[in-house]
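One structure is given below, encoded as structure tokens.
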Amino acid sequence: MRYDLIPVAVVQAAPVLFNREATVKKTCDLIDEAASKGARVILFPEAFIPAYPRGLTFGTVVGSRTEEGRYTWQRYWENAIDVPGVETEIIGEAVKKASAYLAIGVIEKDSTFSGGTLYCTLLYFSPDGILLGKHRKLKPTAAERLIWGEGDGSTLPVFNTPYGVIGGLICWENYMPLARMAMYGKGVEIYMAPTADQRDSWHATMRHIGFEGRCFVLGCNQYVDKSMYPTDLIGIEDLKDQPDIICRGGSTIISPMGGVLAGPLYDKEGILYADLDRGEIARSKMDFDVVGQYARPDVFRLIVNEEPASPVEYRNGK
């Protein structure tokens, strides 16, 4: 029996770094390009709008911060986006024109509390241009913790679509076994994995997740070279010892048996395409289903707290 094929695209590209408006325009152009080739599920990299600021220190070492670094942060903050906001409306219009599902990594301003915190966020759009929801990165990695806050369990969504259940995790969250298990427990079938990791080991991770979760995996990274950074950026001197290619990419598309359907793509911008056979998910689970016949809930159980974590709670004493 042959199931209908699902045409997907993984967009490996560079943002117009630290330029929100120009990056949103480039995003819309790339959505249109992917859709013109038939893609109905499209993934962009982590932190695509306005940038993954690789190589920058923001003037910070343990125990001190510089005034110049605060100005670098200010420019980054000013080019982050509100969710929802003007930028999500513009992207939604492009998605509606494309008639595709979209997942895209953005830097999100906290619009709920202080407005001063940024989150590394994955946004999901439906083919009618509606913002379906978001996932905030649970644990920024290493120096990312200087510039991004931590998400909570209230943004761990998956979405039931005609093409299967779509969901995912960001970058090194995918090295958190319990976070992966939370996604598997929600029945994810098309697993989104936007990243900033360009190493060969990341490709191995993508193959492992496909094989472990018996799901399709879309892994997506940026391609960025040093010349793409704005020359007037305060802190640009941090890059003097960085290689010319800041991020080489490595985007890929993986099958539920860990096979490589496309990629990995290195050292250039480009779009990967593949047609996913949803029937392969069922076939792959004949001998292994991590939350089904291969689970042992009598021995191991995972509890996921999906309550929002508010820093301030007001109670009416009346």
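Ordered as shown in the structure tokens, chains take letters A, B, and onward, while each chain numbers its residues from 1 and ligands are numbered from 1 in the order shown.
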**Item:** Residue contacts of range 88-92 of chain A (8 Å, only C-alpha atoms) excluding same-chain residues fewer than 5 positions away, as a ChimeraX atom specification
**Value:** /A:24,27-28,83,125,128-131
How about saving the chosen residues, C-alpha atoms kept, as an mmCIF file, in the first residue's frame?
data_model
loop_
_atom_site.group_PDB
_atom_site.id
_atom_site.type_symbol
_atom_site.label_atom_id
_atom_site.label_comp_id
_atom_site.auth_asym_id
_atom_site.auth_seq_id
_atom_site.Cartn_x
_atom_site.Cartn_y
_atom_site.Cartn_z
ATOM 1 C CA VAL A 24 11.342 39.193 7.211
ATOM 2 C CA THR A 27 11.899 34.974 4.722
ATOM 3 C CA CYS A 28 8.812 35.686 2.629
ATOM 4 C CA VAL A 83 4.724 37.330 19.084
ATOM 5 C CA PHE A 125 1.991 28.703 11.034
ATOM 6 C CA ASP A 128 -4.233 29.772 6.093
ATOM 7 C CA GLY A 129 -1.585 32.059 7.562
ATOM 8 C CA ILE A 130 -2.641 31.639 11.186
ATOM 9 C CA LEU A 131 0.013 31.575 13.911
#
Give me the residues near Pro140 in chain A as a PDB file with N, CA and C atoms, in the first residue's frame, where near means some atom within 10 Å (using only C-alpha atoms) and where sequence neighbours in that chain fewer than 4 positions away do not count.
ATOM      1  N   TYR A 119      13.656  35.434  24.084  1.00  0.00           N
ATOM      2  CA  TYR A 119      13.552  33.979  24.032  1.00  0.00           C
ATOM      3  C   TYR A 119      13.889  33.487  22.630  1.00  0.00           C
ATOM      4  N   CYS A 120      14.565  32.359  22.575  1.00  0.00           N
ATOM      5  CA  CYS A 120      14.794  31.647  21.316  1.00  0.00           C
ATOM      6  C   CYS A 120      13.555  30.785  21.082  1.00  0.00           C
ATOM      7  N   ARG A 136       9.185  27.855  23.127  1.00  0.00           N
ATOM      8  CA  ARG A 136      10.346  28.590  23.615  1.00  0.00           C
ATOM      9  C   ARG A 136      11.402  27.601  24.097  1.00  0.00           C
ATOM     10  N   GLU A 144      24.674  31.200  25.359  1.00  0.00           N
ATOM     11  CA  GLU A 144      23.329  31.637  24.979  1.00  0.00           C
ATOM     12  C   GLU A 144      22.533  32.098  26.197  1.00  0.00           C
ATOM     13  N   ARG A 145      22.896  31.587  27.379  1.00  0.00           N
ATOM     14  CA  ARG A 145      22.162  31.946  28.597  1.00  0.00           C
ATOM     15  C   ARG A 145      22.368  33.398  28.980  1.00  0.00           C
ATOM     16  N   LEU A 146      23.392  34.032  28.390  1.00  0.00           N
ATOM     17  CA  LEU A 146      23.604  35.459  28.638  1.00  0.00           C
ATOM     18  C   LEU A 146      22.548  36.318  27.951  1.00  0.00           C
ATOM     19  N   ILE A 147      21.995  35.827  26.860  1.00  0.00           N
ATOM     20  CA  ILE A 147      21.135  36.674  26.026  1.00  0.00           C
ATOM     21  C   ILE A 147      19.703  36.171  25.904  1.00  0.00           C
ATOM     22  N   TRP A 148      19.431  34.899  26.271  1.00  0.00           N
ATOM     23  CA  TRP A 148      18.091  34.345  26.135  1.00  0.00           C
ATOM     24  C   TRP A 148      17.599  33.808  27.477  1.00  0.00           C
ATOM     25  N   GLY A 149      16.317  33.984  27.724  1.00  0.00           N
ATOM     26  CA  GLY A 149      15.691  33.375  28.878  1.00  0.00           C
ATOM     27  C   GLY A 149      15.311  31.927  28.605  1.00  0.00           C
ATOM     28  N   GLU A 150      14.824  31.244  29.642  1.00  0.00           N
ATOM     29  CA  GLU A 150      14.408  29.848  29.539  1.00  0.00           C
ATOM     30  C   GLU A 150      12.891  29.769  29.369  1.00  0.00           C
ATOM     31  N   GLY A 151      12.448  28.965  28.409  1.00  0.00           N
ATOM     32  CA  GLY A 151      11.030  28.697  28.282  1.00  0.00           C
ATOM     33  C   GLY A 151      10.549  27.771  29.382  1.00  0.00           C
ATOM     34  N   ILE A 170      14.464  22.663  19.777  1.00  0.00           N
ATOM     35  CA  ILE A 170      15.454  23.574  19.210  1.00  0.00           C
ATOM     36  C   ILE A 170      16.862  23.168  19.632  1.00  0.00           C
ATOM     37  N   CYS A 171      17.722  22.938  18.660  1.00  0.00           N
ATOM     38  CA  CYS A 171      19.161  22.743  18.866  1.00  0.00           C
ATOM     39  C   CYS A 171      19.438  21.726  19.978  1.00  0.00           C
ATOM     40  N   TRP A 172      20.204  22.112  21.005  1.00  0.00           N
ATOM     41  CA  TRP A 172      20.653  21.122  21.986  1.00  0.00           C
ATOM     42  C   TRP A 172      19.570  20.654  22.937  1.00  0.00           C
ATOM     43  N   GLU A 173      18.353  21.189  22.853  1.00  0.00           N
ATOM     44  CA  GLU A 173      17.243  20.519  23.525  1.00  0.00           C
ATOM     45  C   GLU A 173      17.133  19.086  23.032  1.00  0.00           C
TER      46      GLU A 173
END
**Request:** Please provide as a PyMOL selection string all residues within 9 Å of Leu30 in chain A, with the sequence filter that same-chain residues fewer than 5 positions apart are discarded (counting only C-alpha atoms).
**Result:** chain A and resi 11+13+25+35+271
Save out the residues we just selected, N, CA and C atoms, as a CSV table (one decimal), in the first residue's frame.
chain,number,residue,atom,x,y,z
A,11,VAL,N,15.0,25.1,4.6
A,11,VAL,CA,15.6,26.3,4.1
A,11,VAL,C,16.9,26.6,4.8
A,13,ALA,N,19.7,29.1,5.0
A,13,ALA,CA,20.0,30.4,4.5
A,13,ALA,C,20.5,31.3,5.7
A,25,LYS,N,11.5,40.1,5.0
A,25,LYS,CA,11.3,40.1,3.5
A,25,LYS,C,12.0,38.9,2.9
A,35,ALA,N,7.6,27.0,-1.8
A,35,ALA,CA,6.3,26.6,-2.2
A,35,ALA,C,6.1,26.4,-3.7
A,271,ILE,N,18.1,25.2,-0.5
A,271,ILE,CA,16.8,24.6,0.0
A,271,ILE,C,16.9,23.1,-0.3
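If you measure from each of A:Ile104, A:His135, A:Arg75, A:Arg301 to Met181 in chain A using only C-alpha atoms, the closest one turns out to be A:Arg301.
Shortest atom-to-atom contact with Ile246 in chain A among A:Gly259, A:Gly85, A:Gly55, A:Pro7: A:Gly55, counting only C-alpha atoms.
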**All strand (DSSP E) positions in range 96-206 of chain A, as number ranges by chain** = A: 101-109, 118-125, 131-136, 158-161, 164-168, 190-194
